[in-house]
Structures are given as C-alpha cells and as structure tokens.
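Source file structure21.csv; content: CSV, C-alpha atoms.
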chain,number,residue,atom,x,y,z
K,1,MET,CA,-18.4,-14.2,-3.2
K,2,THR,CA,-17.0,-12.1,-0.5
K,3,ASP,CA,-18.3,-9.3,1.7
K,4,LYS,CA,-15.5,-6.8,1.3
K,5,ASP,CA,-16.9,-4.0,3.3
K,6,THR,CA,-17.7,-5.9,6.4
K,7,GLY,CA,-14.6,-8.1,6.0
K,8,THR,CA,-16.6,-11.4,6.6
K,9,GLY,CA,-14.7,-13.3,3.9
K,10,LEU,CA,-17.4,-15.8,3.2
K,11,LEU,CA,-17.2,-17.9,0.0
K,12,GLU,CA,-20.4,-19.1,-1.6
K,13,ALA,CA,-20.6,-22.6,-3.1
K,14,ALA,CA,-20.6,-21.3,-6.6
K,15,PRO,CA,-19.0,-17.9,-7.1
K,16,ALA,CA,-20.6,-15.7,-9.7
K,17,PRO,CA,-18.0,-13.2,-11.0
K,18,ALA,CA,-20.6,-11.1,-12.9
K,19,GLN,CA,-22.5,-10.2,-9.7
K,20,PRO,CA,-21.2,-7.1,-7.8
K,21,PRO,CA,-20.2,-7.6,-4.2
K,22,HIS,CA,-22.1,-6.2,-1.3
K,23,ARG,CA,-22.3,-2.5,-1.2
K,24,GLN,CA,-20.4,-0.6,1.4
K,25,GLY,CA,-22.6,0.6,4.2
K,26,ARG,CA,-25.2,-2.1,3.7
K,27,ARG,CA,-24.6,-3.0,7.4
K,28,PHE,CA,-23.6,-0.4,10.0
K,29,ASN,CA,-22.3,-1.3,13.4
K,30,ALA,CA,-19.7,0.0,15.8
K,31,LYS,CA,-17.0,-2.4,14.5
K,32,ASN,CA,-17.3,-0.8,11.0
K,33,PHE,CA,-16.5,2.6,12.5
K,34,GLY,CA,-13.8,1.5,14.9
K,35,GLU,CA,-10.9,2.7,12.8
K,36,VAL,CA,-12.6,6.0,11.9
K,37,LEU,CA,-13.3,6.6,15.6
K,38,ALA,CA,-9.7,5.9,16.4
K,39,LEU,CA,-8.5,8.4,13.7
K,40,VAL,CA,-10.9,11.0,15.1
K,41,GLY,CA,-9.6,10.4,18.6
K,42,LEU,CA,-6.0,10.8,17.5
K,43,ILE,CA,-6.8,14.1,15.8
K,44,ALA,CA,-8.6,15.3,18.9
K,45,VAL,CA,-5.8,14.4,21.2
K,46,PHE,CA,-3.1,16.0,19.2
K,47,ALA,CA,-5.2,19.1,18.5
K,48,ALA,CA,-5.6,19.5,22.3
K,49,LEU,CA,-1.8,18.9,22.9
K,50,ASN,CA,-0.8,21.3,20.1
K,51,PRO,CA,-3.4,24.1,19.8
K,52,GLY,CA,-2.7,26.5,17.0
K,53,THR,CA,-0.3,24.2,15.2
K,54,PHE,CA,-1.8,20.8,14.6
K,55,LEU,CA,-5.0,21.8,12.8
K,56,THR,CA,-3.5,24.5,10.7
K,57,PRO,CA,-4.0,24.2,6.9
K,58,GLU,CA,-0.3,23.9,6.4
K,59,ASN,CA,0.1,21.0,8.8
K,60,LEU,CA,-3.0,19.2,7.5
K,61,ARG,CA,-1.5,19.5,4.0
K,62,THR,CA,1.8,18.1,5.4
K,63,ILE,CA,0.0,15.1,6.8
K,64,LEU,CA,-1.8,14.4,3.5
K,65,ASP,CA,1.5,14.8,1.6
K,66,HIS,CA,3.3,12.4,3.9
K,67,ALA,CA,0.4,9.9,3.6
K,68,SER,CA,0.6,9.8,-0.2
K,69,LEU,CA,3.4,7.2,-0.6
K,70,PRO,CA,2.0,4.6,1.8
K,71,LEU,CA,-1.5,5.1,0.3
K,72,ILE,CA,-0.3,4.2,-3.1
K,73,ILE,CA,1.8,1.3,-2.0
K,74,GLY,CA,-1.1,0.2,0.3
K,75,VAL,CA,-3.4,-0.5,-2.6
K,76,GLY,CA,-1.2,-3.2,-4.0
K,77,ALA,CA,-0.1,-4.4,-0.6
K,78,THR,CA,-3.7,-4.9,0.5
K,79,LEU,CA,-4.6,-6.9,-2.6
K,80,VAL,CA,-1.6,-9.2,-2.0
K,81,ILE,CA,-2.4,-9.7,1.7
K,82,LEU,CA,-6.1,-10.4,0.9
K,83,THR,CA,-4.9,-13.4,-1.0
K,84,GLY,CA,-3.1,-14.6,2.1
K,85,SER,CA,0.4,-13.7,0.8
K,86,ILE,CA,2.6,-10.8,1.6
K,87,ASP,CA,4.9,-8.5,-0.4
K,88,LEU,CA,8.1,-7.3,1.2
K,89,SER,CA,9.8,-6.1,-2.0
K,90,VAL,CA,8.3,-2.6,-1.8
K,91,GLU,CA,11.5,-0.7,-1.0
K,92,GLY,CA,13.6,-2.4,-3.6
K,93,VAL,CA,11.0,-1.9,-6.3
K,94,MET,CA,10.7,1.8,-5.3
K,95,GLY,CA,14.5,2.3,-5.6
K,96,ALA,CA,14.8,0.6,-9.0
K,97,ALA,CA,11.8,2.4,-10.4
K,98,GLY,CA,12.8,5.7,-9.0
K,99,MET,CA,16.3,5.5,-10.4
K,100,THR,CA,15.0,4.4,-13.8
K,101,PHE,CA,12.7,7.4,-13.9
K,102,VAL,CA,15.3,9.9,-12.8
K,103,LEU,CA,17.9,8.7,-15.3
K,104,MET,CA,15.4,8.7,-18.2
K,105,THR,CA,14.2,12.3,-17.5
K,106,ALA,CA,16.2,15.5,-17.5
K,107,ASN,CA,18.8,15.4,-14.7
K,108,SER,CA,22.1,16.8,-13.7
K,109,ARG,CA,24.1,13.8,-14.8
K,110,GLY,CA,23.1,13.6,-18.5
K,111,SER,CA,21.1,15.1,-21.2
K,112,ALA,CA,18.7,12.2,-21.9
K,113,ASP,CA,15.1,13.2,-21.5
K,114,PHE,CA,12.4,10.7,-22.7
K,115,GLY,CA,9.5,12.7,-21.3
K,116,PRO,CA,6.5,10.6,-20.3
K,117,TRP,CA,8.3,7.5,-21.4
K,118,ALA,CA,10.4,7.8,-18.3
K,119,ILE,CA,7.3,7.1,-16.2
K,120,VAL,CA,6.3,4.2,-18.4
K,121,ALA,CA,9.8,2.7,-18.1
K,122,ALA,CA,9.7,3.0,-14.3
K,123,LEU,CA,6.3,1.4,-14.1
K,124,ALA,CA,7.5,-1.4,-16.4
K,125,VAL,CA,10.4,-2.1,-14.0
K,126,GLY,CA,7.8,-2.4,-11.2
K,127,VAL,CA,5.6,-4.7,-13.2
K,128,GLY,CA,8.6,-6.8,-14.1
K,129,LEU,CA,9.7,-7.2,-10.5
K,130,GLY,CA,6.2,-8.0,-9.5
K,131,LEU,CA,5.9,-10.6,-12.2
K,132,LEU,CA,9.1,-12.1,-11.0
K,133,SER,CA,7.7,-12.4,-7.5
K,134,GLY,CA,4.5,-13.8,-8.7
K,135,LEU,CA,6.1,-16.4,-11.0
K,136,VAL,CA,8.5,-17.7,-8.4
K,137,HIS,CA,5.8,-17.8,-5.8
K,138,THR,CA,3.1,-19.5,-7.8
K,139,ARG,CA,5.1,-21.7,-10.2
K,140,LEU,CA,8.0,-22.8,-7.9
K,141,LYS,CA,5.8,-22.8,-4.8
K,142,VAL,CA,8.2,-20.7,-2.8
K,143,PRO,CA,6.6,-18.8,0.1
K,144,SER,CA,5.8,-15.2,-0.8
K,145,PHE,CA,7.7,-14.0,2.3
K,146,ILE,CA,11.0,-15.5,1.0
K,147,VAL,CA,10.4,-14.6,-2.6
K,148,THR,CA,9.5,-10.9,-2.1
K,149,LEU,CA,12.3,-10.5,0.4
K,150,GLY,CA,14.7,-11.7,-2.3
K,151,VAL,CA,13.1,-9.4,-4.9
K,152,TRP,CA,13.5,-6.5,-2.5
K,153,PHE,CA,17.3,-7.0,-2.7
K,154,VAL,CA,17.1,-7.6,-6.5
K,155,GLY,CA,15.5,-4.2,-6.9
K,156,LEU,CA,18.0,-2.6,-4.5
K,157,GLY,CA,20.8,-4.1,-6.5
K,158,ILE,CA,19.3,-2.8,-9.8
K,159,ALA,CA,19.0,0.7,-8.2
K,160,THR,CA,22.5,0.6,-6.9
K,161,VAL,CA,23.9,-0.3,-10.3
K,162,LEU,CA,21.9,2.4,-11.9
K,163,PHE,CA,23.1,4.9,-9.3
K,164,GLY,CA,26.7,3.9,-10.1
K,165,ASP,CA,29.7,5.8,-8.7
K,166,GLU,CA,29.1,9.1,-10.4
K,167,SER,CA,27.6,12.2,-9.0
K,168,ILE,CA,24.0,12.2,-7.6
K,169,PRO,CA,21.5,12.8,-10.5
K,170,PHE,CA,19.5,15.8,-9.4
K,171,LEU,CA,16.3,16.8,-11.1
K,172,PRO,CA,16.3,20.4,-12.5
K,173,ASP,CA,14.5,23.1,-10.5
K,174,GLY,CA,11.0,23.9,-11.6
K,175,GLY,CA,8.8,21.8,-13.9
K,176,ILE,CA,7.9,18.3,-12.8
K,177,LYS,CA,10.1,18.4,-9.7
K,178,GLY,CA,7.7,20.7,-8.0
K,179,TRP,CA,4.6,18.9,-9.1
K,180,PRO,CA,4.0,16.8,-5.9
K,181,SER,CA,3.9,19.8,-3.6
K,182,THR,CA,1.9,22.0,-6.0
K,183,LEU,CA,-1.6,22.6,-4.6
K,184,THR,CA,-4.8,21.8,-6.6
K,185,PHE,CA,-8.1,22.7,-5.0
K,186,GLY,CA,-6.1,23.4,-1.9
K,187,LEU,CA,-4.6,19.9,-1.7
K,188,PRO,CA,-1.1,18.7,-2.6
K,189,ASN,CA,-0.9,16.9,-6.0
K,190,SER,CA,0.9,14.0,-4.3
K,191,PHE,CA,-2.2,13.3,-2.1
K,192,LEU,CA,-4.6,13.7,-5.1
K,193,LEU,CA,-2.6,11.1,-7.0
K,194,ALA,CA,-2.7,8.8,-4.0
K,195,ALA,CA,-6.5,9.3,-3.7
K,196,ALA,CA,-6.9,8.4,-7.3
K,197,PHE,CA,-5.0,5.1,-6.7
K,198,VAL,CA,-7.1,4.4,-3.6
K,199,LEU,CA,-10.4,5.0,-5.6
K,200,ALA,CA,-9.1,2.8,-8.5
K,201,GLY,CA,-8.1,0.1,-6.0
K,202,MET,CA,-11.5,0.2,-4.4
K,203,PHE,CA,-13.2,-0.1,-7.8
K,204,VAL,CA,-11.0,-3.1,-8.6
K,205,ALA,CA,-11.7,-4.8,-5.3
K,206,ARG,CA,-15.4,-4.3,-5.5
K,207,PHE,CA,-16.3,-4.6,-9.2
K,208,THR,CA,-13.7,-6.8,-10.9
K,209,ARG,CA,-12.8,-10.5,-10.9
K,210,LEU,CA,-9.4,-9.6,-9.7
K,211,GLY,CA,-10.7,-8.1,-6.5
K,212,ARG,CA,-13.4,-10.7,-5.9
K,213,PHE,CA,-11.1,-13.6,-6.5
K,214,ALA,CA,-8.4,-12.1,-4.2
K,215,TYR,CA,-10.9,-12.3,-1.3
K,216,ALA,CA,-12.0,-15.8,-2.3
K,217,ILE,CA,-8.4,-17.1,-2.6
K,218,GLY,CA,-7.5,-15.6,0.8
K,219,ASP,CA,-10.6,-17.1,2.4
K,220,SER,CA,-9.7,-20.6,1.0
K,221,GLU,CA,-7.5,-21.6,-1.9
K,222,GLU,CA,-9.0,-25.1,-1.9
K,223,ILE,CA,-12.6,-24.0,-2.2
K,224,SER,CA,-11.6,-21.4,-4.8
K,225,LYS,CA,-9.9,-24.1,-7.0
K,226,GLY,CA,-12.9,-26.3,-6.5
K,227,ASN,CA,-15.2,-23.6,-7.8
K,228,GLY,CA,-13.1,-23.1,-11.0
K,229,ILE,CA,-11.1,-20.0,-10.0
K,230,PRO,CA,-7.7,-20.0,-11.6
K,231,VAL,CA,-5.9,-19.3,-8.3
K,232,LEU,CA,-2.3,-19.3,-9.6
K,233,ARG,CA,-3.1,-16.9,-12.4
K,234,TYR,CA,-4.9,-14.3,-10.2
K,235,LYS,CA,-2.3,-14.5,-7.5
K,236,LEU,CA,0.2,-13.6,-10.2
K,237,TYR,CA,-1.9,-10.7,-11.3
K,238,VAL,CA,-2.1,-9.4,-7.8
K,239,PHE,CA,1.7,-9.4,-7.5
K,240,VAL,CA,2.0,-7.5,-10.8
K,241,VAL,CA,-0.4,-4.9,-9.6
K,242,ALA,CA,1.5,-4.5,-6.3
K,243,GLY,CA,4.8,-4.1,-8.3
K,244,ALA,CA,3.2,-1.3,-10.4
K,245,CYS,CA,1.9,0.5,-7.3
K,246,SER,CA,5.4,0.3,-5.6
K,247,ALA,CA,6.9,1.6,-8.9
K,248,ALA,CA,4.5,4.6,-9.0
K,249,ALA,CA,5.4,5.3,-5.4
K,250,GLY,CA,9.1,5.2,-6.3
K,251,VAL,CA,8.6,7.8,-9.0
K,252,LEU,CA,6.6,10.0,-6.7
K,253,ALA,CA,9.3,9.6,-4.0
K,254,ALA,CA,12.0,10.6,-6.5
K,255,LEU,CA,10.1,13.7,-7.5
K,256,LYS,CA,9.7,14.6,-3.8
K,257,LEU,CA,13.4,14.1,-3.2
K,258,GLY,CA,14.4,15.9,-6.4
K,259,ALA,CA,17.1,13.4,-7.1
K,260,GLY,CA,17.8,9.7,-7.7
K,261,SER,CA,18.5,7.5,-4.8
K,262,ALA,CA,18.7,3.7,-4.5
K,263,THR,CA,17.3,3.9,-1.0
K,264,VAL,CA,14.4,6.3,-1.8
K,265,GLY,CA,11.9,3.8,-0.4
K,266,VAL,CA,13.5,3.2,3.0
K,267,GLY,CA,11.0,3.2,5.8
K,268,THR,CA,7.9,2.8,3.7
K,269,LEU,CA,7.5,-1.0,4.1
K,270,PHE,CA,6.9,-0.9,7.8
K,271,LEU,CA,4.5,2.0,7.6
K,272,THR,CA,2.5,0.4,4.8
K,273,ILE,CA,2.2,-3.1,6.3
K,274,ALA,CA,1.4,-1.6,9.7
K,275,ALA,CA,-1.3,0.5,8.1
K,276,VAL,CA,-2.8,-2.6,6.4
K,277,VAL,CA,-3.0,-4.5,9.6
K,278,ILE,CA,-4.2,-1.6,11.7
K,279,GLY,CA,-6.8,-0.9,9.1
K,280,GLY,CA,-8.3,-4.3,9.8
K,281,THR,CA,-7.0,-6.4,6.9
K,282,SER,CA,-6.3,-10.0,8.1
K,283,LEU,CA,-2.8,-11.3,7.5
K,284,GLY,CA,-4.4,-14.7,6.9
K,285,GLY,CA,-6.2,-13.3,3.9
K,286,GLY,CA,-9.9,-12.9,2.9
K,287,LYS,CA,-10.8,-10.1,5.2
K,288,GLY,CA,-10.3,-6.3,5.0
K,289,GLY,CA,-10.2,-3.8,2.3
K,290,ILE,CA,-8.4,-0.9,0.6
K,291,LEU,CA,-10.5,1.8,2.3
K,292,ARG,CA,-9.6,0.3,5.7
K,293,THR,CA,-5.9,0.5,4.7
K,294,ALA,CA,-6.3,4.1,3.7
K,295,ILE,CA,-7.7,4.9,7.2
K,296,GLY,CA,-4.8,2.9,8.7
K,297,VAL,CA,-2.3,5.0,6.8
K,298,LEU,CA,-4.0,8.3,8.0
K,299,MET,CA,-3.9,7.0,11.5
K,300,LEU,CA,-0.2,6.3,11.5
K,301,THR,CA,0.6,9.5,9.6
K,302,VAL,CA,-1.4,11.6,12.1
K,303,LEU,CA,0.3,9.7,15.0
K,304,ASN,CA,3.8,10.4,13.7
K,305,ASN,CA,3.0,14.0,12.9
K,306,GLY,CA,1.4,14.6,16.3
K,307,LEU,CA,4.4,13.1,18.1
K,308,ILE,CA,6.8,15.3,16.2
K,309,LEU,CA,4.8,18.4,17.0
K,310,SER,CA,4.6,17.3,20.7
K,311,GLY,CA,8.4,17.2,20.8
K,312,VAL,CA,8.7,13.5,21.2
K,313,SER,CA,12.2,12.1,20.2
K,314,PRO,CA,12.5,10.0,17.1
K,315,ASN,CA,13.5,6.9,19.1
K,316,ILE,CA,10.4,7.1,21.2
K,317,GLN,CA,8.3,7.7,18.0
K,318,SER,CA,9.6,4.4,16.6
K,319,ALA,CA,8.8,2.6,19.9
K,320,VAL,CA,5.2,4.0,19.9
K,321,SER,CA,4.6,3.0,16.3
K,322,GLY,CA,5.8,-0.5,17.0
K,323,THR,CA,3.7,-0.7,20.1
K,324,VAL,CA,0.6,0.4,18.2
K,325,LEU,CA,1.2,-2.2,15.5
K,326,ILE,CA,1.6,-5.0,18.0
K,327,ALA,CA,-1.5,-3.9,19.9
K,328,ALA,CA,-3.5,-3.7,16.6
K,329,VAL,CA,-2.5,-7.3,15.7
K,330,LEU,CA,-3.4,-8.5,19.2
K,331,VAL,CA,-6.8,-6.8,19.1
K,332,ALA,CA,-7.5,-8.2,15.6
K,333,THR,CA,-6.4,-11.8,16.2
K,334,TRP,CA,-7.1,-12.5,19.9
K,335,PRO,CA,-10.8,-13.4,19.4
K,336,HIS,CA,-9.7,-15.9,16.7
K,337,ARG,CA,-6.5,-17.2,18.2
K,338,SER,CA,-7.7,-20.8,18.5
K,339,ARG,CA,-8.1,-21.0,14.7
K,340,LEU,CA,-5.4,-18.8,13.3
K,341,ARG,CA,-3.8,-19.9,10.0
K,342,ILE,CA,-0.2,-19.6,9.0
K,343,VAL,CA,0.5,-16.6,6.9
K,344,LYS,CA,1.3,-17.8,3.4
Is it possible to give me this structure as structure tokens?
Amino acid sequence: MTDKDTGTGLLEAAPAPAQPPHRQGRRFNAKNFGEVLALVGLIAVFAALNPGTFLTPENLRTILDHASLPLIIGVGATLVILTGSIDLSVEGVMGAAGMTFVLMTANSRGSADFGPWAIVAALAVGVGLGLLSGLVHTRLKVPSFIVTLGVWFVGLGIATVLFGDESIPFLPDGGIKGWPSTLTFGLPNSFLLAAAFVLAGMFVARFTRLGRFAYAIGDSEEISKGNGIPVLRYKLYVFVVAGACSAAAGVLAALKLGAGSATVGVGTLFLTIAAVVIGGTSLGGGKGGILRTAIGVLMLTVLNNGLILSGVSPNIQSAVSGTVLIAAVLVATWPHRSRLRIVK
C-alpha cells in the first residue's frame, strides 16, 4: 500500500486493495505545505507588483479559466507518471478529439449535429489512442516515451486529415460555444469542470485499485508482480484514463476556441508535465499525487499571468518557466541523486 498524501511510496509485503490508503492530513509538516506556500508567495509578489489589477475578480477568473485545461490533463498525466511511465501524446490526442467533436456538432462547414454523441465520440477517440499507447508499451515492451511520442503524431495526423483543406469549421455563436466562459457561482464553467476532474482523480487515486496499484507499480514493478498485482493490465488502464482526460481537454479547448483546429493543444504538454513535477510527483514513479499537480498547475498559471501583467515579454516568460521547471526538478531530486532510477 502507498502513502499517497505524503508521497512516501512504500509498498507493504502483501497489498490489501480493500483497505483505504492513508488519509490526507494524517501527518503535517513543512514539506507538505511547501507547494502551497510557494503559491501563496507568488500571489503575494504579483499582487504587490500589480496593485489594483492582479487580485481583481476578473483576473482571478482568468487565472482559473486558463488553469482548466492543464488541470484536466494533469489528472491522467499524474496517474501515468505515478506508474513510472510518461505520456507525451497529449497535444495529438487533444487535436484529434477536438476536431472529432467540432465536426460532429453544429458547425459552419456542415449541417451534421449529433448532440451529446459528439462528446462521446471525441472521448472514444481519446480512449482509443490511450489504448494504443498502453498496448504498444505493455505488450511490445516499447518505452512509454517513444510510444506516446509516436501516438502524439498519430493523433496530429488524424486531426489534420479531419481538418482537411476546406474552410475552418466554426462553432455557431451562442449555445454550447459560450459554456466554458459562463459563470456559475461566480466561477467559470471551464474551471468547475476541471475541478470535477481533479476531485474524481483524487477519489480514484485514494479509494480504488487503479490508484493504489499505480503507486505500487511506480514504487517497484517487481515487488508488485510478486504480490499478485496485474501490472501490465493496470498500466494499460492508466494510459486509457490519460487518453480520456486529454480528449476531454481537447473538447474544452475547441469550445474555448470556437472552432476546429488540429493544433488546439499546442503548448499544453509542457505546462502539464511541468506542473506535475513542480507539484512534487516523482518522474521515477510511486510518489506524488493529483492534488499536488493541481497546486503545480495553479503555480505556473499564476506565474504566467503575473508576468504578463508585469509587462514581461513572451520570450522572457518562456525562459522563466523553463528555469522554474529545472529548479523544481533539481530541488526534488538532489537529495536522492545517488539512487535515481531511469524514467520508464
């Protein structure tokens, strides 16, 4: 069994799937609050640098809206990384799923409108691509880095074919197009949807075999196999979940854009993986959690938003984000550098 909330990644001699993992908050120390304190510190700095603009309700809603896509993707990405693997197919899956959704709902290019089935079809595309990644990785023993990189371009190719050489398929004004930015309880629907994904992911990680086994597999595949855990099957399940999350993000991105685009997911992979690492999830697997990833997403989103409000050029913003990621990896791995494992 694994301690998911403190990220210790310990595996008992005989795992008992029926028992719940340790409750969050059982042990409190400064390390548990490091990411939260860093987030609060960023907010305080940018609030001081941009008085009257940063902490306005409009800007806070903008931050939450921008965080919605990496939050959704981060749920699946975290589960994959917890097993010791990695998923780089995010942007391709988003493009394929987003184009599927747009072309199957009311759009400027055609009259076909399958209603809610358009969302179902888009999610099915993500599940299919996730299944492809998982099967090649687990059955053919190809490293997940290579497999998902290839599936990224498979998804991009599907999206490009669907886009074709006709006019851009725009979503009609009104209706579902404006749903992501519509406020409910003062918060954008896009963020509420992302919050639902995060809560569901936390439930899966804490109370289901899929979550517990993900931690155990990342901690040690050999010990997991020795204790009767069907490692290959659950690694496959994790990739399927990640594909579904990327597809859901693709649909949301298409709604935000208001049109179909093969490159609707560009830029989300770096932000998501960076957020997972900055949040404290180990690239070696077995340590971290979805709540930590959510905090990492908010940290990077606040950082990017604050730099924009401060008038920092986009080029410098990219350099700062990259520097923050490298620093986070160094801080997380330096104490354990003598026994680091290869990322699988």
Sorted by chain and rising residue number, which residues of range 173-226 of chain K lie within 7 Å of range 71-93 of chain K, and what are their closest atom pairs and distances in Å to one decimal, counting only C-alpha atoms, as a Markdown table?
| residue | atom | partner | partner_atom | distance |
| --- | --- | --- | --- | --- |
| K:Ala194 | CA | K:Ile72 | CA | 5.3 |
| K:Phe197 | CA | K:Ile72 | CA | 6.0 |
| K:Val198 | CA | K:Val75 | CA | 6.2 |
| K:Gly201 | CA | K:Val75 | CA | 5.8 |
| K:Ala214 | CA | K:Thr83 | CA | 4.9 |
| K:Tyr215 | CA | K:Leu82 | CA | 5.6 |
| K:Ile217 | CA | K:Thr83 | CA | 5.3 |
| K:Gly218 | CA | K:Thr83 | CA | 3.9 |
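Minimum atom-to-atom distance to Gly128 in chain K, evaluated using only C-alpha atoms, belongs to K:Ala97 out of K:Ala274, K:Leu199, K:Ala97, K:Val204.
Among the candidates K:Val151, K:Val264, K:Asn107, K:Gly284, the residue lying nearest to Gly174 in chain K is K:Asn107 (atoms considered: all atoms listed in the file).
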Could you give me, as a tab-separated table (two decimals) with C-alpha atoms, in the frame of the given file, the residues within 10 Å of Ile43 in chain K, counting all atoms listed in the file and dropping anything in the same chain fewer than 4 positions from it?
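What ended up in result.tsv:
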chain	number	residue	atom	x	y	z
K	37	LEU	CA	-13.30	6.60	15.60
K	38	ALA	CA	-9.70	5.90	16.40
K	39	LEU	CA	-8.50	8.40	13.70
K	47	ALA	CA	-5.20	19.10	18.50
K	48	ALA	CA	-5.60	19.50	22.30
K	49	LEU	CA	-1.80	18.90	22.90
K	54	PHE	CA	-1.80	20.80	14.60
K	55	LEU	CA	-5.00	21.80	12.80
K	299	MET	CA	-3.90	7.00	11.50
K	302	VAL	CA	-1.40	11.60	12.10
K	303	LEU	CA	0.30	9.70	15.00
K	306	GLY	CA	1.40	14.60	16.30
task: In the coordinate frame of the file, compute which residues have an atom within 12 Å of (3.8, 20.4, -3.7) when using all atoms listed in the file, and state them as a PyMOL selection string.
output: chain K and resi 58+61-62+64-66+68+174-184+186-193+252+255-258
Export C-alpha atoms of the chosen residues as a PDB file, keeping the file's coordinate frame?
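After the write, result36.pdb holds the following:
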ATOM      1  CA  GLU K  58      -0.300  23.900   6.400  1.00  0.00           C
ATOM      2  CA  ARG K  61      -1.500  19.500   4.000  1.00  0.00           C
ATOM      3  CA  THR K  62       1.800  18.100   5.400  1.00  0.00           C
ATOM      4  CA  LEU K  64      -1.800  14.400   3.500  1.00  0.00           C
ATOM      5  CA  ASP K  65       1.500  14.800   1.600  1.00  0.00           C
ATOM      6  CA  HIS K  66       3.300  12.400   3.900  1.00  0.00           C
ATOM      7  CA  SER K  68       0.600   9.800  -0.200  1.00  0.00           C
ATOM      8  CA  GLY K 174      11.000  23.900 -11.600  1.00  0.00           C
ATOM      9  CA  GLY K 175       8.800  21.800 -13.900  1.00  0.00           C
ATOM     10  CA  ILE K 176       7.900  18.300 -12.800  1.00  0.00           C
ATOM     11  CA  LYS K 177      10.100  18.400  -9.700  1.00  0.00           C
ATOM     12  CA  GLY K 178       7.700  20.700  -8.000  1.00  0.00           C
ATOM     13  CA  TRP K 179       4.600  18.900  -9.100  1.00  0.00           C
ATOM     14  CA  PRO K 180       4.000  16.800  -5.900  1.00  0.00           C
ATOM     15  CA  SER K 181       3.900  19.800  -3.600  1.00  0.00           C
ATOM     16  CA  THR K 182       1.900  22.000  -6.000  1.00  0.00           C
ATOM     17  CA  LEU K 183      -1.600  22.600  -4.600  1.00  0.00           C
ATOM     18  CA  THR K 184      -4.800  21.800  -6.600  1.00  0.00           C
ATOM     19  CA  GLY K 186      -6.100  23.400  -1.900  1.00  0.00           C
ATOM     20  CA  LEU K 187      -4.600  19.900  -1.700  1.00  0.00           C
ATOM     21  CA  PRO K 188      -1.100  18.700  -2.600  1.00  0.00           C
ATOM     22  CA  ASN K 189      -0.900  16.900  -6.000  1.00  0.00           C
ATOM     23  CA  SER K 190       0.900  14.000  -4.300  1.00  0.00           C
ATOM     24  CA  PHE K 191      -2.200  13.300  -2.100  1.00  0.00           C
ATOM     25  CA  LEU K 192      -4.600  13.700  -5.100  1.00  0.00           C
ATOM     26  CA  LEU K 193      -2.600  11.100  -7.000  1.00  0.00           C
ATOM     27  CA  LEU K 252       6.600  10.000  -6.700  1.00  0.00           C
ATOM     28  CA  LEU K 255      10.100  13.700  -7.500  1.00  0.00           C
ATOM     29  CA  LYS K 256       9.700  14.600  -3.800  1.00  0.00           C
ATOM     30  CA  LEU K 257      13.400  14.100  -3.200  1.00  0.00           C
ATOM     31  CA  GLY K 258      14.400  15.900  -6.400  1.00  0.00           C
TER      32      GLY K 258
END
- line: Nearest to Ile295 in chain K, restricted to all atoms listed in the file and choosing among K:Ala195, K:Ala249, K:Ala159, K:Met94, comes out as K:Ala195
field: Contacts of Ser133 in chain K at 8 Å (all atoms listed in the file; same-chain gap of 4+ positions) as number ranges by chain
entry: K: 129, 137, 144, 147-148, 151, 239
Point-to-point distance from CA of Met99 in chain K to CA of Ser318 in chain K, Å rounded to tenths: 27.8 Å
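Nearest to Gly157 in chain K of all the residues K:Ile229, K:Ala200, K:Ala294, K:Ala262 is K:Ala262, counting all atoms listed in the file.
Atom pair CA of Lys141 in chain K / CA of Leu232 in chain K has a distance of 10.0 Å (rounded to one decimal).
With only C-alpha atoms as the atoms that count, the minimum distance from Val277 in chain K to the choices K:Ala327, K:Val154, K:Leu236, K:Leu103 is reached by K:Ala327.
CA of Val45 in chain K lies 25.3 Å from CA of Thr281 in chain K.
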